[in-house]
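final-v9.cif follows (mmCIF, C-alpha atoms and all ligand atoms):
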data_my_file
loop_
_atom_site.label_atom_id
_atom_site.label_comp_id
_atom_site.auth_asym_id
_atom_site.auth_seq_id
_atom_site.Cartn_x
_atom_site.Cartn_y
_atom_site.Cartn_z
CA MET A 1 103.23 -187.02 -53.63
CA ALA A 2 101.94 -183.60 -52.71
CA VAL A 3 98.44 -182.79 -53.91
CA GLN A 4 98.41 -180.62 -57.04
CA TRP A 5 96.10 -177.80 -56.04
CA GLN A 6 96.69 -176.00 -59.33
CA ASN A 7 94.47 -178.66 -60.91
CA PHE A 8 91.70 -177.83 -58.46
CA LYS A 9 91.69 -174.21 -59.57
CA THR A 10 91.38 -175.29 -63.21
CA LEU A 11 88.55 -177.69 -62.34
CA ILE A 12 86.32 -175.13 -60.68
CA ARG A 13 87.00 -172.35 -63.16
CA ASP A 14 83.64 -172.93 -64.86
CA SER A 15 81.68 -173.81 -61.72
CA ARG A 16 79.02 -171.44 -60.43
CA LYS A 17 76.99 -173.27 -57.80
CA ILE A 18 78.89 -175.60 -55.54
CA LEU A 19 77.61 -178.09 -52.96
CA ILE A 20 79.98 -179.14 -50.19
CA ALA A 21 79.11 -182.38 -48.38
CA SER A 22 80.60 -184.72 -45.83
CA HIS A 23 79.89 -187.92 -43.96
CA ALA A 24 77.01 -188.87 -41.69
CA LYS A 25 77.69 -188.39 -37.97
CA LEU A 26 79.56 -185.18 -38.66
CA ASP A 27 82.70 -184.73 -36.62
CA GLY A 28 84.80 -181.64 -36.03
CA ASP A 29 87.01 -182.32 -39.03
CA ALA A 30 84.10 -182.77 -41.44
CA LEU A 31 82.27 -179.70 -40.20
CA GLY A 32 85.29 -177.42 -39.84
CA SER A 33 86.62 -178.40 -43.28
CA GLU A 34 83.26 -177.83 -44.96
CA LEU A 35 82.69 -174.44 -43.40
CA ALA A 36 86.23 -173.19 -44.06
CA LEU A 37 86.02 -174.28 -47.69
CA ALA A 38 82.55 -172.77 -48.10
CA ALA A 39 83.72 -169.40 -46.76
CA ALA A 40 86.81 -169.42 -48.98
CA LEU A 41 84.90 -170.32 -52.16
CA ARG A 42 82.17 -167.76 -51.43
CA SER A 43 84.83 -165.08 -51.09
CA LEU A 44 85.92 -165.98 -54.62
CA GLY A 45 82.42 -165.41 -55.95
CA PHE A 46 80.98 -168.94 -56.01
CA PHE A 47 77.48 -169.72 -54.74
CA VAL A 48 78.09 -172.36 -52.09
CA THR A 49 75.77 -174.51 -49.96
CA VAL A 50 76.86 -176.99 -47.31
CA VAL A 51 74.72 -180.13 -47.18
CA ASN A 52 74.97 -183.11 -44.89
CA PRO A 53 73.28 -186.45 -44.40
CA ASP A 54 72.37 -185.62 -40.82
CA LEU A 55 72.45 -183.04 -38.08
CA PRO A 56 75.66 -181.85 -36.45
CA ALA A 57 75.78 -182.60 -32.72
CA GLU A 58 74.76 -179.86 -30.32
CA MET A 59 78.41 -179.45 -29.28
CA PHE A 60 79.01 -177.70 -32.58
CA ARG A 61 76.46 -174.99 -31.86
CA PHE A 62 79.27 -172.58 -30.93
CA ILE A 63 79.97 -172.01 -34.60
CA GLY A 64 76.88 -169.80 -34.49
CA LYS A 65 75.22 -168.57 -37.63
CA ASP A 66 76.87 -171.22 -39.78
CA PHE A 67 75.43 -173.95 -37.56
CA GLU A 68 71.89 -172.80 -38.34
CA GLU A 69 72.52 -172.57 -42.06
CA ILE A 70 73.78 -176.07 -42.66
CA ARG A 71 71.33 -177.96 -44.83
CA PHE A 72 70.25 -181.56 -44.58
CA PHE A 73 69.40 -183.74 -47.49
CA ASP A 74 68.59 -187.03 -45.91
CA GLY A 75 65.05 -186.87 -44.71
CA THR A 76 66.17 -186.24 -41.16
CA LYS A 77 64.20 -183.80 -39.11
CA SER A 78 65.81 -180.47 -39.46
CA ARG A 79 66.57 -178.52 -36.34
CA GLU A 80 63.96 -177.42 -33.85
CA SER A 81 60.37 -177.55 -34.99
CA GLU A 82 60.86 -177.47 -38.72
CA SER A 83 59.05 -180.13 -40.64
CA GLU A 84 60.52 -183.32 -41.99
CA VAL A 85 62.66 -182.82 -45.08
CA ASP A 86 62.02 -185.07 -48.04
CA SER A 87 65.49 -185.82 -49.31
CA ARG A 88 64.35 -187.16 -52.68
CA LYS A 89 62.30 -184.05 -53.38
CA LEU A 90 65.23 -181.82 -52.50
CA LEU A 91 67.57 -183.96 -54.50
CA SER A 92 65.49 -183.76 -57.64
CA GLU A 93 64.19 -180.22 -57.48
CA GLU A 94 66.94 -178.21 -55.97
CA ALA A 95 70.23 -180.00 -55.69
CA PHE A 96 70.58 -180.48 -59.42
CA GLU A 97 70.83 -176.74 -59.94
CA TYR A 98 74.35 -177.13 -58.61
CA ASP A 99 77.08 -177.92 -61.11
CA THR A 100 79.76 -179.11 -58.67
CA LEU A 101 79.85 -181.30 -55.57
CA ILE A 102 82.86 -181.37 -53.27
CA SER A 103 83.00 -184.25 -50.80
CA VAL A 104 85.30 -183.54 -47.85
CA ASP A 105 86.53 -186.03 -45.24
CA THR A 106 84.85 -188.97 -46.96
CA SER A 107 84.79 -190.82 -50.21
CA ALA A 108 82.34 -193.50 -49.12
CA ARG A 109 78.90 -193.62 -50.74
CA GLY A 110 77.43 -195.22 -47.63
CA GLN A 111 78.63 -192.33 -45.49
CA LEU A 112 77.21 -189.74 -47.86
CA ARG A 113 73.85 -191.53 -47.78
CA SER A 114 71.41 -190.03 -50.28
CA ILE A 115 73.92 -187.36 -51.33
CA SER A 116 75.69 -190.14 -53.20
CA GLU A 117 72.72 -190.13 -55.62
CA LEU A 118 73.97 -186.77 -56.85
CA ILE A 119 77.31 -188.37 -57.61
CA ASP A 120 75.82 -191.38 -59.35
CA SER A 121 73.55 -189.17 -61.46
CA GLY A 122 76.58 -188.02 -63.42
CA ARG A 123 74.98 -184.60 -63.66
CA MET A 124 77.58 -182.70 -61.70
CA LYS A 125 81.32 -182.45 -61.42
CA VAL A 126 82.47 -184.35 -58.36
CA ILE A 127 85.60 -183.46 -56.42
CA VAL A 128 86.93 -185.43 -53.44
CA ILE A 129 89.17 -184.13 -50.64
CA ASP A 130 89.72 -186.96 -48.17
CA HIS A 131 92.40 -188.32 -45.86
CA HIS A 132 91.07 -191.79 -45.06
CA ALA A 133 93.28 -194.74 -45.95
CA VAL A 134 90.43 -196.81 -47.36
CA ARG A 135 88.64 -194.89 -50.08
CA GLU A 136 86.08 -195.56 -52.78
CA SER A 137 86.79 -193.96 -56.10
CA LEU A 138 83.95 -191.47 -56.37
CA SER A 139 85.58 -189.33 -58.98
CA GLU A 140 88.65 -188.92 -61.14
CA HIS A 141 89.02 -185.51 -59.50
CA ASP A 142 90.52 -186.76 -56.28
CA PHE A 143 92.66 -184.50 -54.09
CA SER A 144 93.06 -186.96 -51.22
CA ASP A 145 96.16 -187.79 -49.20
CA SER A 146 96.01 -190.45 -46.52
CA SER A 147 99.24 -189.25 -44.90
CA LYS A 148 97.34 -186.24 -43.55
CA PRO A 149 95.90 -186.47 -40.04
CA ALA A 150 92.79 -184.46 -40.97
CA ALA A 151 90.83 -183.36 -44.02
CA GLY A 152 91.28 -179.88 -42.56
CA CYS A 153 95.03 -180.10 -43.37
CA LEU A 154 94.20 -180.60 -47.06
CA VAL A 155 91.50 -177.92 -47.11
CA MET A 156 93.98 -175.51 -45.50
CA GLU A 157 96.56 -176.21 -48.23
CA LEU A 158 93.87 -175.58 -50.83
CA ILE A 159 92.70 -172.32 -49.24
CA GLU A 160 96.28 -171.05 -49.02
CA ASN A 161 96.77 -172.03 -52.66
CA LEU A 162 93.62 -170.17 -53.65
CA GLY A 163 95.11 -167.09 -51.97
CA VAL A 164 92.18 -166.65 -49.56
CA PRO A 165 93.35 -165.19 -46.23
CA LEU A 166 92.96 -167.49 -43.22
CA THR A 167 91.75 -164.46 -41.25
CA LEU A 168 88.63 -164.19 -43.41
CA ARG A 169 85.40 -164.17 -41.43
CA GLU A 170 82.08 -164.07 -43.23
CA ASN A 171 79.55 -161.44 -42.23
CA GLY A 172 77.68 -162.57 -39.13
CA SER A 173 79.84 -165.64 -38.56
CA SER A 174 81.30 -166.24 -35.12
CA CYS A 175 84.33 -168.04 -36.60
CA SER A 176 87.04 -167.19 -39.11
CA ILE A 177 88.47 -169.66 -41.61
CA ALA A 178 91.38 -170.08 -39.19
CA ASP A 179 88.96 -171.08 -36.40
CA PHE A 180 87.19 -173.65 -38.61
CA LEU A 181 90.46 -175.18 -39.79
CA PHE A 182 92.03 -175.24 -36.34
CA PHE A 183 88.92 -176.96 -34.99
CA ALA A 184 89.01 -179.50 -37.84
CA ILE A 185 92.67 -180.39 -37.42
CA ALA A 186 92.77 -180.24 -33.62
CA THR A 187 89.71 -182.44 -33.07
CA ASP A 188 90.79 -185.07 -35.63
CA THR A 189 94.21 -185.36 -33.96
CA GLY A 190 92.86 -185.48 -30.40
CA TRP A 191 94.30 -182.00 -29.94
CA PHE A 192 97.62 -182.92 -31.59
CA ARG A 193 98.34 -186.04 -29.57
CA PHE A 194 97.55 -188.91 -32.01
CA PRO A 195 100.42 -190.69 -33.80
CA SER A 196 99.06 -189.31 -37.09
CA VAL A 197 100.39 -185.82 -36.25
CA LEU A 198 103.30 -184.68 -38.45
CA PRO A 199 105.80 -181.85 -37.97
CA GLU A 200 103.94 -179.97 -40.71
CA THR A 201 100.71 -180.33 -38.71
CA PHE A 202 102.23 -178.15 -36.00
CA ALA A 203 103.42 -175.73 -38.69
CA GLN A 204 99.84 -175.50 -39.96
CA ALA A 205 98.56 -175.00 -36.42
CA ALA A 206 101.12 -172.22 -35.96
CA ARG A 207 99.90 -170.43 -39.08
CA LEU A 208 96.30 -170.75 -37.92
CA THR A 209 97.20 -169.38 -34.49
CA GLU A 210 99.01 -166.49 -36.18
CA ALA A 211 95.83 -165.88 -38.17
CA GLY A 212 93.98 -165.46 -34.88
CA ALA A 213 92.37 -168.88 -34.28
CA LEU A 214 90.89 -168.81 -30.78
CA THR A 215 92.57 -172.04 -29.74
CA SER A 216 91.67 -172.25 -26.06
CA ARG A 217 88.09 -171.17 -26.73
CA LEU A 218 87.81 -173.91 -29.35
CA TYR A 219 89.16 -176.46 -26.88
CA ARG A 220 86.54 -175.46 -24.38
CA PHE A 221 83.78 -175.94 -26.91
CA ALA A 222 85.14 -179.29 -28.05
CA TYR A 223 85.88 -180.92 -24.71
CA GLU A 224 84.71 -178.85 -21.78
CA ASN A 225 81.07 -178.90 -22.66
CA TYR A 226 79.68 -181.56 -20.31
CA SER A 227 76.26 -181.17 -18.80
CA PRO A 228 76.14 -181.87 -15.04
CA ALA A 229 74.24 -185.07 -15.86
CA ARG A 230 77.00 -186.24 -18.21
CA LEU A 231 79.64 -185.62 -15.54
CA LYS A 232 77.62 -187.71 -13.07
CA LEU A 233 77.36 -190.46 -15.68
CA LEU A 234 81.15 -190.39 -16.09
CA GLY A 235 81.37 -190.88 -12.33
CA VAL A 236 79.21 -194.00 -12.55
CA LEU A 237 81.32 -195.30 -15.43
CA ALA A 238 84.51 -194.81 -13.39
CA LYS A 239 82.96 -196.43 -10.32
CA ASN A 240 81.72 -199.47 -12.27
CA SER A 241 85.03 -200.01 -14.10
CA VAL A 242 86.69 -203.42 -13.90
CA HIS A 243 89.98 -204.61 -15.36
CA ASP A 244 90.59 -207.99 -16.95
CA PHE A 245 93.53 -209.73 -18.60
CA GLY A 246 96.05 -208.33 -16.15
CA GLY A 247 94.77 -204.77 -16.54
CA ARG A 248 95.00 -204.74 -20.34
CA LEU A 249 91.21 -204.60 -20.86
CA ALA A 250 89.02 -202.06 -19.04
CA CYS A 251 85.25 -202.51 -19.03
CA SER A 252 82.40 -200.58 -17.53
CA TRP A 253 78.65 -200.40 -17.88
CA LEU A 254 75.77 -197.97 -17.62
CA GLU A 255 72.31 -199.32 -16.92
CA LYS A 256 68.93 -197.71 -17.36
CA SER A 257 68.75 -196.93 -13.64
CA ASP A 258 72.09 -195.07 -13.85
CA PHE A 259 70.66 -192.76 -16.50
CA GLU A 260 67.61 -192.12 -14.32
CA GLN A 261 69.72 -191.39 -11.25
CA CYS A 262 72.00 -188.99 -13.12
CA GLY A 263 69.21 -187.35 -15.11
CA ALA A 264 71.21 -188.27 -18.21
CA VAL A 265 70.12 -189.21 -21.72
CA MET A 266 71.68 -191.63 -24.21
CA GLY A 267 73.51 -188.80 -26.01
CA ASP A 268 75.44 -188.12 -22.81
CA THR A 269 77.48 -191.30 -23.33
CA ALA A 270 79.20 -189.99 -26.49
CA ASP A 271 82.95 -190.64 -26.23
CA LEU A 272 82.74 -191.48 -22.51
CA VAL A 273 84.33 -194.86 -23.28
CA ASN A 274 87.64 -193.05 -23.85
CA ALA A 275 87.87 -192.38 -20.12
CA LEU A 276 88.52 -196.12 -19.70
CA LEU A 277 91.77 -195.74 -21.64
CA MET A 278 93.17 -193.48 -18.93
CA THR A 279 94.47 -196.27 -16.69
CA ALA A 280 98.11 -197.30 -17.10
CA GLY A 281 98.65 -200.50 -19.06
CA VAL A 282 95.19 -200.62 -20.63
CA GLU A 283 95.12 -201.59 -24.30
CA ALA A 284 91.41 -201.88 -24.94
CA ALA A 285 88.19 -200.61 -23.40
CA VAL A 286 84.55 -201.60 -23.64
CA LEU A 287 81.58 -199.64 -22.40
CA PHE A 288 78.29 -201.56 -22.12
CA THR A 289 75.28 -199.25 -22.26
CA GLU A 290 71.85 -200.69 -21.62
CA VAL A 291 69.39 -200.34 -24.50
CA PRO A 292 65.98 -202.04 -24.85
CA GLY A 293 66.61 -205.79 -24.92
CA GLY A 294 70.37 -205.65 -24.57
CA PHE A 295 73.51 -203.55 -24.52
CA ARG A 296 75.25 -201.17 -26.84
CA LEU A 297 79.00 -201.87 -26.95
CA ASN A 298 81.46 -199.06 -27.46
CA LEU A 299 84.95 -200.44 -28.05
CA ARG A 300 88.29 -198.65 -28.15
CA SER A 301 91.84 -199.90 -28.42
CA ARG A 302 95.39 -198.78 -28.86
CA GLY A 303 97.91 -199.94 -31.43
CA GLU A 304 97.39 -203.19 -33.27
CA LEU A 305 94.63 -204.58 -31.07
CA ASN A 306 91.66 -204.81 -33.44
CA VAL A 307 88.34 -204.10 -31.74
CA GLY A 308 86.71 -203.60 -35.16
CA ARG A 309 86.82 -207.38 -35.64
CA ILE A 310 85.24 -207.95 -32.24
CA ALA A 311 82.44 -205.50 -33.08
CA GLY A 312 82.07 -207.25 -36.44
CA PHE A 313 81.59 -210.60 -34.69
CA PHE A 314 78.56 -209.12 -32.93
CA GLY A 315 77.14 -207.65 -36.13
CA GLY A 316 78.52 -204.17 -35.56
CA GLY A 317 81.27 -202.26 -37.29
CA GLY A 318 83.93 -199.61 -37.09
CA HIS A 319 87.68 -199.31 -37.31
CA LYS A 320 90.63 -201.13 -35.77
CA ASN A 321 90.80 -198.78 -32.78
CA ALA A 322 87.18 -197.64 -32.46
CA ALA A 323 84.08 -199.73 -33.05
CA GLY A 324 80.57 -200.44 -31.84
CA ALA A 325 77.86 -203.08 -31.83
CA THR A 326 74.53 -203.83 -30.19
CA VAL A 327 74.10 -207.20 -28.48
CA ALA A 328 70.88 -208.69 -27.11
CA GLY A 329 70.90 -210.22 -23.65
CA ARG A 330 71.57 -209.57 -20.00
CA LEU A 331 74.70 -207.77 -18.84
CA GLU A 332 76.55 -210.76 -17.38
CA GLU A 333 75.90 -212.88 -20.44
CA VAL A 334 76.84 -210.13 -22.90
CA ARG A 335 79.98 -209.32 -20.94
CA ARG A 336 81.02 -212.97 -20.82
CA ASN A 337 80.62 -213.28 -24.59
CA VAL A 338 82.63 -210.14 -25.21
CA LEU A 339 85.47 -211.30 -22.95
CA GLU A 340 85.43 -214.60 -24.83
CA GLN A 341 85.97 -212.71 -28.09
CA PHE A 342 88.90 -210.81 -26.63
CA LYS A 343 90.40 -214.19 -25.71
CA ASN A 344 89.93 -215.51 -29.23
CA GLU A 345 91.06 -212.37 -30.96
CA ILE A 346 94.23 -211.87 -28.96
CA PRO A 347 95.54 -215.29 -27.93
CA GLU A 348 98.51 -213.83 -26.08
CA PHE A 349 96.18 -211.68 -24.03
MN MN B 401 88.75 -186.56 -40.75
#
What do you get writing this file as structure tokens?
Ligand SMILES: [Mn+2]
Amino acid sequence: MAVQWQNFKTLIRDSRKILIASHAKLDGDALGSELALAAALRSLGFFVTVVNPDLPAEMFRFIGKDFEEIRFFDGTKSRESESEVDSRKLLSEEAFEYDTLISVDTSARGQLRSISELIDSGRMKVIVIDHHAVRESLSEHDFSDSSKPAAGCLVMELIENLGVPLTLRENGSSCSIADFLFFAIATDTGWFRFPSVLPETFAQAARLTEAGALTSRLYRFAYENYSPARLKLLGVLAKNSVHDFGGRLACSWLEKSDFEQCGAVMGDTADLVNALLMTAGVEAAVLFTEVPGGFRLNLRSRGELNVGRIAGFFGGGGHKNAAGATVAGRLEEVRRNVLEQFKNEIPEF
């Protein structure tokens, strides 16, 4: 059933100060949805602050002014040389001045970290806008729809319902609402190629493009932002790749010496595992990255193959198609154990 946005308007009629929050490890959907919603609600006269459990990745710096203004409530070091933020202090002294909290792209307490204390306090109205299939019930005011490929799709419906123009750009911001929403939807759908994409997703993308979203510029910021060191690391990953189970499983590894040779840092490995899915016939991929005492596993799969269970076996976690774990031991031993799990998990493999 379509989300009843009319009820949202009624809900916030008496709100004055609104917090917008999302999950830890912010992705493009979380960030784009938050910033679009914040701009829209501010244009309607609300006082709005975006808060998050941790820092957005550097790749999101292109959003400019808004990037600097995002607040953190989880005791993480705030950007650059600013001092450590005491989340509890902020939570008690400042956050409670807000009367409404809107959680976008998550309804999981664990993902909201200390922000969930605001919800549990019962001192503010809580509204959820999420698209994940598995959800906790954080609030009776839930505007979620798991048929949507991105939270940005829901936030866009809401903004259009509120009558705020998608072309709106706040003073000093480098992005319009259309840019934020396009970034949210495009990144959460792998630039419109995941099976979650619906005909209406393209219709939404068309409206955002009409509203002036800088689509190719956004693509560049999302995916063509490698450092030279990261590109070299990708080369090592490709060179080290091996295929097992008749080409259905691709593995590769990056050792400490590889990082030194490439001049790369741990953050340069983000999403590199996906490159292993590029070979024909591959159904799952594992990247082993050396960490002190062992290896970090990044697992990916397609379709029904559940790498989340494999990560779970090693004490990690994640989803069916994307998961991670850290395993102690030497590379050969860790790799052997992981292959063993693939054998157990998928007998027909
Ligand atoms: Mn999302």
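Between A:Val265 and the residues A:Lys17, A:His243, A:Arg296, A:Arg230, the shortest atom-to-atom distance, using only C-alpha atoms, involves A:Arg230.
Within the 10 Å cut-off around A:Leu154, using all atoms listed in the file and omitting residues fewer than 2 positions from it on the same chain, the listed residues are Val3, Trp5, Ser33, Val104, Asp105, Ile129, Asp130, His131, Phe143, Ser144, Asp145, Lys148, Pro149, Ala150, Ala151, Gly152, Met156, Glu157, Leu158, Ile159, Glu160, Leu181 and Ile185 of chain A.
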Return the single residue from A:Val236, A:Leu138, A:Ala322, A:Ile63 that is closest to A:Glu255, with distances computed using only C-alpha atoms. A:Val236
With only C-alpha atoms as the atoms that count, which of A:Leu297, A:Cys153, A:Ile102, A:Met1 lies nearest to A:Ser116?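 Between A:Leu297, A:Cys153, A:Ile102, A:Met1, the residue approaching A:Ser116 most closely is A:Ile102.
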Nearest to A:Trp253: which of A:Phe192, A:Phe342, A:Phe313, A:Phe295 is it, counting all atoms listed in the file?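 Under the stated criterion, the closest residue is A:Phe295.
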Using all atoms listed in the file, find the one residue out of A:Ser114, A:Ser15, A:Thr106, A:Ser137 that sits nearest to ligand MN 401 (chain B). A:Thr106
Please measure the separation of atom CA of A:Ile115 and atom CA of A:Leu35, giving the value in Å to one decimal.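 These two atoms are separated by 17.5 Å.
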